[in-house]
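Take a look at the structure below.
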Amino acid sequence: MSTTSTQPDLLYSQEEEALRAAVRDLLTDHCDAAGVIARVETDAPHDLALWKMLADGMGLAGLLVPEDRGGQGATHREAAVVLEELGRAVAPVPYLTSAVVATEALLACADAGELVEELASGRGIGVLAVGLHTAPGAAFPAVRLEDGTLHGELTGIADAAVADVLLVPADDGGLYAVEAGAATVVPQTSLDLTRPLARVVLDGAPGRRLGEAGPAVRRALRAGAGLLASEQLGVADWCLTETVRHLKDRKQFNRPVGGFQALKHRLAQLWLEVAGLRAAARAAADALATGVDTDVTVTVAQAHASPVAVRAAEEAVQLHGGIGMTWEHPVHLRLKRAKADSIAHGTAGAHREKLADLVDLRAP
């Protein structure tokens, strides 16, 4: 009698590798580092033309949506591959916020049919109005529902500036769809200029109740945290690859800098850490896709991902020498993304504490 294996599949399938190649080719052609740096110097850092190519042209916005609801019917494994490539390029598009977090929230709501199709098709951008720093399962603020309209203020909302619809938790326990034009979106100072934050102010905004906020937000943030690890993997892998390439090309004392033993050791250690991050990120994506040990696997991935991504970016800045400290070199984009991601959907420390509870290994 055969049994179904519960071991996570950490390898990439041929289809996933083909998807990676297609996304990387598109980003190579339309998301070069100089263009990203130039864009973040403006008041409109999001690249909506690139987003249209990804969401509409390639159908990537609907990967997590079943085919009978207007999506591609894929899994979190495919979405993770896309996020790896978006992380490598630090692409200023709302994929994590709209195609993952907002979409997962809508899929948990009974009355979100047409909104799911709108986001899956790329015709609209959705944003869950919960602070980017909020960890899965953590308490989140809600606005006041009064006389059928919403009143209140929510802060730290990623990509709210380009949202067409905001998914807003209210104090009656419901999740409401609010047209972005009915809210006041005020930019906040963000370390990561490619994923800007904003304050959302609602003053009598009309909203349509979609379902219960609690289960929807928990599902959305769990998926966001699990797939964020793949984005962090993309950042770390770019940092390692580009640093190795630079140290092979850069010469000192008439020999490649990468030939010095001390630097070899640092790079070898970094490679091991990135390989570990890849295993953790792939396990999280597989757990989200299969539903096996999801809470534990996602928590492990996030506890591991942030320190590795930040260290990889810091090493890249340092080992690039003087050019690593300049605005023109793209390594600073990765450092800022890694730093911002390290507190997104909960810090590594918060995830370690949660993991201790999940596996009943709390500190005495």
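Order determines the names: the first chain of the structure tokens is A, the second B, and so forth; residues in each chain are numbered 1 upward, and ligands are numbered 1 upward as they are shown.
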
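Residues with any atom within 8 Å of Leu221 of chain A, counting only C-alpha atoms and excluding same-chain neighbours fewer than 5 positions away, are Val101, Thr134, Ala135, Pro136, Gly137 and His345 of chain A.
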
Would you mind exporting the chosen residues as a PDB file, in the first residue's frame, restricted to all heavy atoms?
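Output file part.pdb is given in full below:
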```pdb
ATOM      1  N   VAL A 101      -0.928  39.146  -0.726  1.00  0.00           N
ATOM      2  CA  VAL A 101      -1.599  39.448   0.543  1.00  0.00           C
ATOM      3  C   VAL A 101      -3.068  39.825   0.334  1.00  0.00           C
ATOM      4  O   VAL A 101      -3.971  39.226   0.931  1.00  0.00           O
ATOM      5  CB  VAL A 101      -0.842  40.570   1.291  1.00  0.00           C
ATOM      6  CG1 VAL A 101      -1.601  40.964   2.552  1.00  0.00           C
ATOM      7  CG2 VAL A 101       0.572  40.112   1.649  1.00  0.00           C
ATOM      8  N   THR A 134       3.074  44.053  10.603  1.00  0.00           N
ATOM      9  CA  THR A 134       2.226  43.152  11.383  1.00  0.00           C
ATOM     10  C   THR A 134       2.530  41.690  11.075  1.00  0.00           C
ATOM     11  O   THR A 134       2.518  41.274   9.922  1.00  0.00           O
ATOM     12  CB  THR A 134       0.737  43.433  11.099  1.00  0.00           C
ATOM     13  OG1 THR A 134       0.481  44.828  11.239  1.00  0.00           O
ATOM     14  CG2 THR A 134      -0.140  42.665  12.058  1.00  0.00           C
ATOM     15  N   ALA A 135       2.775  40.918  12.111  1.00  0.00           N
ATOM     16  CA  ALA A 135       3.085  39.493  11.955  1.00  0.00           C
ATOM     17  C   ALA A 135       1.808  38.679  11.856  1.00  0.00           C
ATOM     18  O   ALA A 135       0.752  39.093  12.354  1.00  0.00           O
ATOM     19  CB  ALA A 135       3.926  39.012  13.136  1.00  0.00           C
ATOM     20  N   PRO A 136       1.867  37.508  11.226  1.00  0.00           N
ATOM     21  CA  PRO A 136       0.690  36.628  11.183  1.00  0.00           C
ATOM     22  C   PRO A 136       0.219  36.282  12.594  1.00  0.00           C
ATOM     23  O   PRO A 136       1.015  35.915  13.451  1.00  0.00           O
ATOM     24  CB  PRO A 136       1.200  35.384  10.452  1.00  0.00           C
ATOM     25  CG  PRO A 136       2.384  35.845   9.682  1.00  0.00           C
ATOM     26  CD  PRO A 136       3.012  36.927  10.492  1.00  0.00           C
ATOM     27  N   GLY A 137      -1.062  36.410  12.826  1.00  0.00           N
ATOM     28  CA  GLY A 137      -1.612  36.088  14.133  1.00  0.00           C
ATOM     29  C   GLY A 137      -1.554  37.214  15.141  1.00  0.00           C
ATOM     30  O   GLY A 137      -2.156  37.121  16.217  1.00  0.00           O
ATOM     31  N   HIS A 345       5.974  41.861   8.157  1.00  0.00           N
ATOM     32  CA  HIS A 345       5.248  40.660   8.598  1.00  0.00           C
ATOM     33  C   HIS A 345       5.905  40.007   9.812  1.00  0.00           C
ATOM     34  O   HIS A 345       5.919  38.780   9.946  1.00  0.00           O
ATOM     35  CB  HIS A 345       5.121  39.658   7.451  1.00  0.00           C
ATOM     36  CG  HIS A 345       4.333  40.184   6.290  1.00  0.00           C
ATOM     37  ND1 HIS A 345       3.111  40.801   6.438  1.00  0.00           N
ATOM     38  CD2 HIS A 345       4.602  40.212   4.962  1.00  0.00           C
ATOM     39  CE1 HIS A 345       2.660  41.173   5.257  1.00  0.00           C
ATOM     40  NE2 HIS A 345       3.547  40.845   4.345  1.00  0.00           N
TER      41      HIS A 345
END
```

Item to check | All alpha helix (DSSP H) residues (DSSP, backbone) inside segment 3-114 of chain A, as a ChimeraX atom specification | outcome: /A:14-30,33-40,48-52,76-89,103-107,113-114

Any chance you can output those residues with N, CA and C atoms as a compact mmCIF listing (two decimals), in the first residue's frame?
```txt
# COMPACT_ATOMS: atom_id res chain seq x y z
N GLN A 14 10.44 21.69 -13.65
CA GLN A 14 10.78 22.26 -14.95
C GLN A 14 9.89 23.45 -15.26
N GLU A 15 8.62 23.36 -14.89
CA GLU A 15 7.70 24.46 -15.14
C GLU A 15 8.10 25.70 -14.33
N GLU A 16 8.53 25.48 -13.09
CA GLU A 16 8.95 26.61 -12.26
C GLU A 16 10.21 27.26 -12.81
N GLU A 17 11.13 26.46 -13.31
CA GLU A 17 12.35 27.02 -13.90
C GLU A 17 12.03 27.78 -15.18
N ALA A 18 11.07 27.29 -15.96
CA ALA A 18 10.66 28.01 -17.16
C ALA A 18 10.01 29.33 -16.79
N LEU A 19 9.20 29.33 -15.74
CA LEU A 19 8.59 30.57 -15.26
C LEU A 19 9.66 31.55 -14.81
N ARG A 20 10.65 31.05 -14.07
CA ARG A 20 11.75 31.91 -13.63
C ARG A 20 12.46 32.57 -14.82
N ALA A 21 12.75 31.77 -15.83
CA ALA A 21 13.46 32.29 -17.00
C ALA A 21 12.66 33.39 -17.69
N ALA A 22 11.35 33.17 -17.80
CA ALA A 22 10.50 34.17 -18.46
C ALA A 22 10.44 35.47 -17.67
N VAL A 23 10.29 35.35 -16.35
CA VAL A 23 10.23 36.56 -15.51
C VAL A 23 11.57 37.28 -15.51
N ARG A 24 12.67 36.51 -15.42
CA ARG A 24 13.99 37.15 -15.40
C ARG A 24 14.27 37.87 -16.71
N ASP A 25 13.88 37.26 -17.83
CA ASP A 25 14.09 37.91 -19.13
C ASP A 25 13.32 39.23 -19.20
N LEU A 26 12.08 39.23 -18.73
CA LEU A 26 11.28 40.46 -18.74
C LEU A 26 11.91 41.53 -17.87
N LEU A 27 12.36 41.14 -16.67
CA LEU A 27 12.96 42.12 -15.76
C LEU A 27 14.30 42.62 -16.28
N THR A 28 15.05 41.77 -16.95
CA THR A 28 16.32 42.20 -17.54
C THR A 28 16.09 43.28 -18.58
N ASP A 29 15.01 43.14 -19.34
CA ASP A 29 14.72 44.10 -20.40
C ASP A 29 14.05 45.37 -19.90
N HIS A 30 13.28 45.28 -18.81
CA HIS A 30 12.42 46.40 -18.43
C HIS A 30 12.62 46.88 -16.99
N ALA A 33 18.82 48.44 -13.23
CA ALA A 33 19.12 49.12 -11.97
C ALA A 33 19.09 50.64 -12.11
N ALA A 34 19.64 51.16 -13.19
CA ALA A 34 19.66 52.61 -13.38
C ALA A 34 18.23 53.16 -13.45
N GLY A 35 17.34 52.42 -14.12
CA GLY A 35 15.96 52.86 -14.21
C GLY A 35 15.26 52.85 -12.87
N VAL A 36 15.53 51.83 -12.05
CA VAL A 36 14.92 51.76 -10.72
C VAL A 36 15.41 52.91 -9.85
N ILE A 37 16.72 53.19 -9.89
CA ILE A 37 17.27 54.28 -9.09
C ILE A 37 16.68 55.62 -9.53
N ALA A 38 16.57 55.82 -10.83
CA ALA A 38 15.98 57.07 -11.33
C ALA A 38 14.53 57.19 -10.89
N ARG A 39 13.80 56.07 -10.91
CA ARG A 39 12.38 56.12 -10.55
C ARG A 39 12.17 56.44 -9.08
N VAL A 40 12.98 55.87 -8.20
CA VAL A 40 12.78 56.12 -6.77
C VAL A 40 13.18 57.53 -6.36
N LEU A 48 4.29 51.16 -13.02
CA LEU A 48 3.01 50.58 -13.38
C LEU A 48 3.03 49.96 -14.78
N ALA A 49 3.92 50.44 -15.64
CA ALA A 49 4.05 49.80 -16.97
C ALA A 49 4.60 48.39 -16.81
N LEU A 50 5.60 48.22 -15.95
CA LEU A 50 6.14 46.89 -15.68
C LEU A 50 5.08 46.02 -15.01
N TRP A 51 4.34 46.60 -14.08
CA TRP A 51 3.28 45.84 -13.42
C TRP A 51 2.26 45.33 -14.43
N LYS A 52 1.90 46.14 -15.40
CA LYS A 52 0.95 45.71 -16.43
C LYS A 52 1.51 44.53 -17.23
N HIS A 76 1.38 28.41 -4.44
CA HIS A 76 2.35 29.31 -3.82
C HIS A 76 3.77 29.03 -4.28
N ARG A 77 4.03 27.84 -4.78
CA ARG A 77 5.37 27.52 -5.27
C ARG A 77 5.71 28.39 -6.48
N GLU A 78 4.76 28.55 -7.39
CA GLU A 78 5.01 29.39 -8.56
C GLU A 78 5.11 30.86 -8.16
N ALA A 79 4.24 31.29 -7.25
CA ALA A 79 4.32 32.67 -6.78
C ALA A 79 5.66 32.95 -6.10
N ALA A 80 6.19 31.95 -5.41
CA ALA A 80 7.49 32.11 -4.75
C ALA A 80 8.61 32.32 -5.77
N VAL A 81 8.56 31.61 -6.88
CA VAL A 81 9.57 31.78 -7.93
C VAL A 81 9.51 33.21 -8.48
N VAL A 82 8.29 33.71 -8.71
CA VAL A 82 8.14 35.09 -9.19
C VAL A 82 8.74 36.07 -8.19
N LEU A 83 8.47 35.86 -6.91
CA LEU A 83 8.98 36.78 -5.88
C LEU A 83 10.49 36.70 -5.76
N GLU A 84 11.08 35.53 -5.99
CA GLU A 84 12.55 35.46 -6.01
C GLU A 84 13.12 36.41 -7.05
N GLU A 85 12.54 36.37 -8.24
CA GLU A 85 13.05 37.21 -9.33
C GLU A 85 12.76 38.69 -9.08
N LEU A 86 11.59 38.99 -8.54
CA LEU A 86 11.28 40.39 -8.21
C LEU A 86 12.21 40.90 -7.11
N GLY A 87 12.57 40.01 -6.17
CA GLY A 87 13.52 40.39 -5.13
C GLY A 87 14.91 40.64 -5.69
N ARG A 88 15.35 39.81 -6.62
CA ARG A 88 16.65 40.00 -7.26
C ARG A 88 16.73 41.37 -7.94
N ALA A 89 15.64 41.74 -8.61
CA ALA A 89 15.64 43.00 -9.36
C ALA A 89 15.19 44.18 -8.52
N THR A 103 -4.94 39.38 -2.32
CA THR A 103 -5.64 38.28 -2.98
C THR A 103 -6.00 37.18 -1.99
N GLU A 104 -5.07 36.82 -1.11
CA GLU A 104 -5.35 35.79 -0.11
C GLU A 104 -6.47 36.24 0.83
N ALA A 105 -6.47 37.51 1.20
CA ALA A 105 -7.54 38.02 2.06
C ALA A 105 -8.90 37.90 1.36
N LEU A 106 -8.94 38.23 0.08
CA LEU A 106 -10.20 38.14 -0.67
C LEU A 106 -10.66 36.70 -0.83
N LEU A 107 -9.72 35.79 -1.02
CA LEU A 107 -10.09 34.38 -1.19
C LEU A 107 -10.70 33.80 0.08
N GLY A 113 -16.32 38.02 -4.87
CA GLY A 113 -16.17 37.41 -6.18
C GLY A 113 -15.57 38.29 -7.25
N GLU A 114 -16.21 39.42 -7.56
CA GLU A 114 -15.72 40.24 -8.67
C GLU A 114 -14.39 40.92 -8.35
```

Next on the checklist: I want to know what sits within 12 Å of segment 169-171 of chain A, based on only C-alpha atoms, with residues of the same chain fewer than 5 positions away left out; could you give that as a PyMOL selection string?
Outcome noted: chain A and resi 105+127-131+139-146+148-154+176-178+202+205-218

Checklist entry - Just asking: which residues within segment 4-166 of chain A are strand (DSSP E) according to DSSP, as a PyMOL selection string? => result chain A and resi 126-128+144-146+149-158+165-166

Can those selected residues be exported to a file as a PDB file, in the first residue's frame so that it contains N, CA and C atoms?
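Output below, filename part.pdb:
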```pdb
ATOM      1  N   GLY A 126      -5.054  45.742  -5.393  1.00  0.00           N
ATOM      2  CA  GLY A 126      -5.643  45.720  -4.067  1.00  0.00           C
ATOM      3  C   GLY A 126      -4.570  45.755  -2.989  1.00  0.00           C
ATOM      4  N   VAL A 127      -4.892  46.395  -1.885  1.00  0.00           N
ATOM      5  CA  VAL A 127      -3.958  46.480  -0.754  1.00  0.00           C
ATOM      6  C   VAL A 127      -4.731  46.237   0.533  1.00  0.00           C
ATOM      7  N   LEU A 128      -4.234  45.315   1.340  1.00  0.00           N
ATOM      8  CA  LEU A 128      -4.798  45.079   2.664  1.00  0.00           C
ATOM      9  C   LEU A 128      -4.310  46.188   3.593  1.00  0.00           C
ATOM     10  N   ARG A 144     -13.285  52.633  12.721  1.00  0.00           N
ATOM     11  CA  ARG A 144     -14.615  52.694  13.340  1.00  0.00           C
ATOM     12  C   ARG A 144     -15.700  52.671  12.265  1.00  0.00           C
ATOM     13  N   LEU A 145     -16.675  51.819  12.449  1.00  0.00           N
ATOM     14  CA  LEU A 145     -17.842  51.782  11.567  1.00  0.00           C
ATOM     15  C   LEU A 145     -18.962  52.571  12.237  1.00  0.00           C
ATOM     16  N   GLU A 146     -19.420  53.624  11.578  1.00  0.00           N
ATOM     17  CA  GLU A 146     -20.421  54.510  12.161  1.00  0.00           C
ATOM     18  C   GLU A 146     -21.402  54.945  11.085  1.00  0.00           C
ATOM     19  N   THR A 149     -20.561  54.078   7.471  1.00  0.00           N
ATOM     20  CA  THR A 149     -19.325  54.572   6.858  1.00  0.00           C
ATOM     21  C   THR A 149     -18.148  54.338   7.800  1.00  0.00           C
ATOM     22  N   LEU A 150     -16.945  54.415   7.251  1.00  0.00           N
ATOM     23  CA  LEU A 150     -15.731  54.078   7.991  1.00  0.00           C
ATOM     24  C   LEU A 150     -14.960  55.331   8.372  1.00  0.00           C
ATOM     25  N   HIS A 151     -14.463  55.325   9.605  1.00  0.00           N
ATOM     26  CA  HIS A 151     -13.723  56.473  10.132  1.00  0.00           C
ATOM     27  C   HIS A 151     -12.481  55.959  10.858  1.00  0.00           C
ATOM     28  N   GLY A 152     -11.332  56.583  10.596  1.00  0.00           N
ATOM     29  CA  GLY A 152     -10.120  56.194  11.312  1.00  0.00           C
ATOM     30  C   GLY A 152      -8.882  56.370  10.478  1.00  0.00           C
ATOM     31  N   GLU A 153      -7.770  55.958  11.074  1.00  0.00           N
ATOM     32  CA  GLU A 153      -6.472  56.147  10.427  1.00  0.00           C
ATOM     33  C   GLU A 153      -5.639  54.887  10.616  1.00  0.00           C
ATOM     34  N   LEU A 154      -4.995  54.457   9.544  1.00  0.00           N
ATOM     35  CA  LEU A 154      -4.144  53.270   9.571  1.00  0.00           C
ATOM     36  C   LEU A 154      -2.787  53.650   8.997  1.00  0.00           C
ATOM     37  N   THR A 155      -1.709  53.184   9.619  1.00  0.00           N
ATOM     38  CA  THR A 155      -0.368  53.604   9.209  1.00  0.00           C
ATOM     39  C   THR A 155       0.475  52.419   8.746  1.00  0.00           C
ATOM     40  N   GLY A 156       1.539  52.761   8.009  1.00  0.00           N
ATOM     41  CA  GLY A 156       2.475  51.730   7.555  1.00  0.00           C
ATOM     42  C   GLY A 156       1.908  50.820   6.490  1.00  0.00           C
ATOM     43  N   ILE A 157       1.019  51.336   5.642  1.00  0.00           N
ATOM     44  CA  ILE A 157       0.362  50.521   4.621  1.00  0.00           C
ATOM     45  C   ILE A 157       1.210  50.547   3.351  1.00  0.00           C
ATOM     46  N   ALA A 158       1.761  49.412   2.979  1.00  0.00           N
ATOM     47  CA  ALA A 158       2.649  49.334   1.816  1.00  0.00           C
ATOM     48  C   ALA A 158       1.851  49.412   0.516  1.00  0.00           C
ATOM     49  N   VAL A 165      -8.240  49.584  -4.725  1.00  0.00           N
ATOM     50  CA  VAL A 165      -9.176  49.245  -3.660  1.00  0.00           C
ATOM     51  C   VAL A 165      -8.388  48.897  -2.406  1.00  0.00           C
ATOM     52  N   LEU A 166      -8.888  49.371  -1.270  1.00  0.00           N
ATOM     53  CA  LEU A 166      -8.285  49.082   0.029  1.00  0.00           C
ATOM     54  C   LEU A 166      -9.188  48.111   0.779  1.00  0.00           C
TER      55      LEU A 166
END
```

Next on the checklist: One decimal, in Å: what's the spacing between atom CA of Val310 of chain A and atom CA of Arg195 of chain A?
Outcome noted: 16.6 Å

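Distance-wise, atom CA of Ala262 of chain A and atom CA of Arg250 of chain A end up 15.4 Å apart.
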
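Residues in contact with Gly62 of chain A at up to 6 Å, not including ones fewer than 3 positions away on its chain and judged by only C-alpha atoms, are Val65, Gly71, Gln72 and Ala120 of chain A.
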
Generate the output file for the selected residues, C-alpha atoms, as a compact mmCIF listing (two decimals), in the first residue's frame.
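After the write, out_0.txt holds the following:
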```txt
# COMPACT_ATOMS: atom_id res chain seq x y z
CA VAL A 65 -6.54 32.36 -7.83
CA GLY A 71 -7.03 33.15 -12.14
CA GLN A 72 -4.26 30.83 -13.28
CA ALA A 120 -6.34 38.29 -10.78
```

Next on the checklist: For Val186 of chain A, find every residue with an atom within 7 Å (counting only C-alpha atoms), except residues of its own chain fewer than 6 positions away, and show them as a PyMOL selection string.
Outcome noted: chain A and resi 198-200

Checklist entry - Just how far from atom CA of Ala180 of chain A is atom CA of Ala161 of chain A, in Å to one decimal? => result 8.7 Å

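Nearest to Asp249 of chain A of all the residues A:Gly224, A:Ala287, A:His320, A:Gly174 is A:His320, based on only C-alpha atoms.
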
Item to check | Contacts of Ala268 of chain A at 12 Å (only C-alpha atoms; same-chain gap of 4+ positions) as a PyMOL selection string | outcome: chain A and resi 240-241+243-244+258+261-264+272-275+312
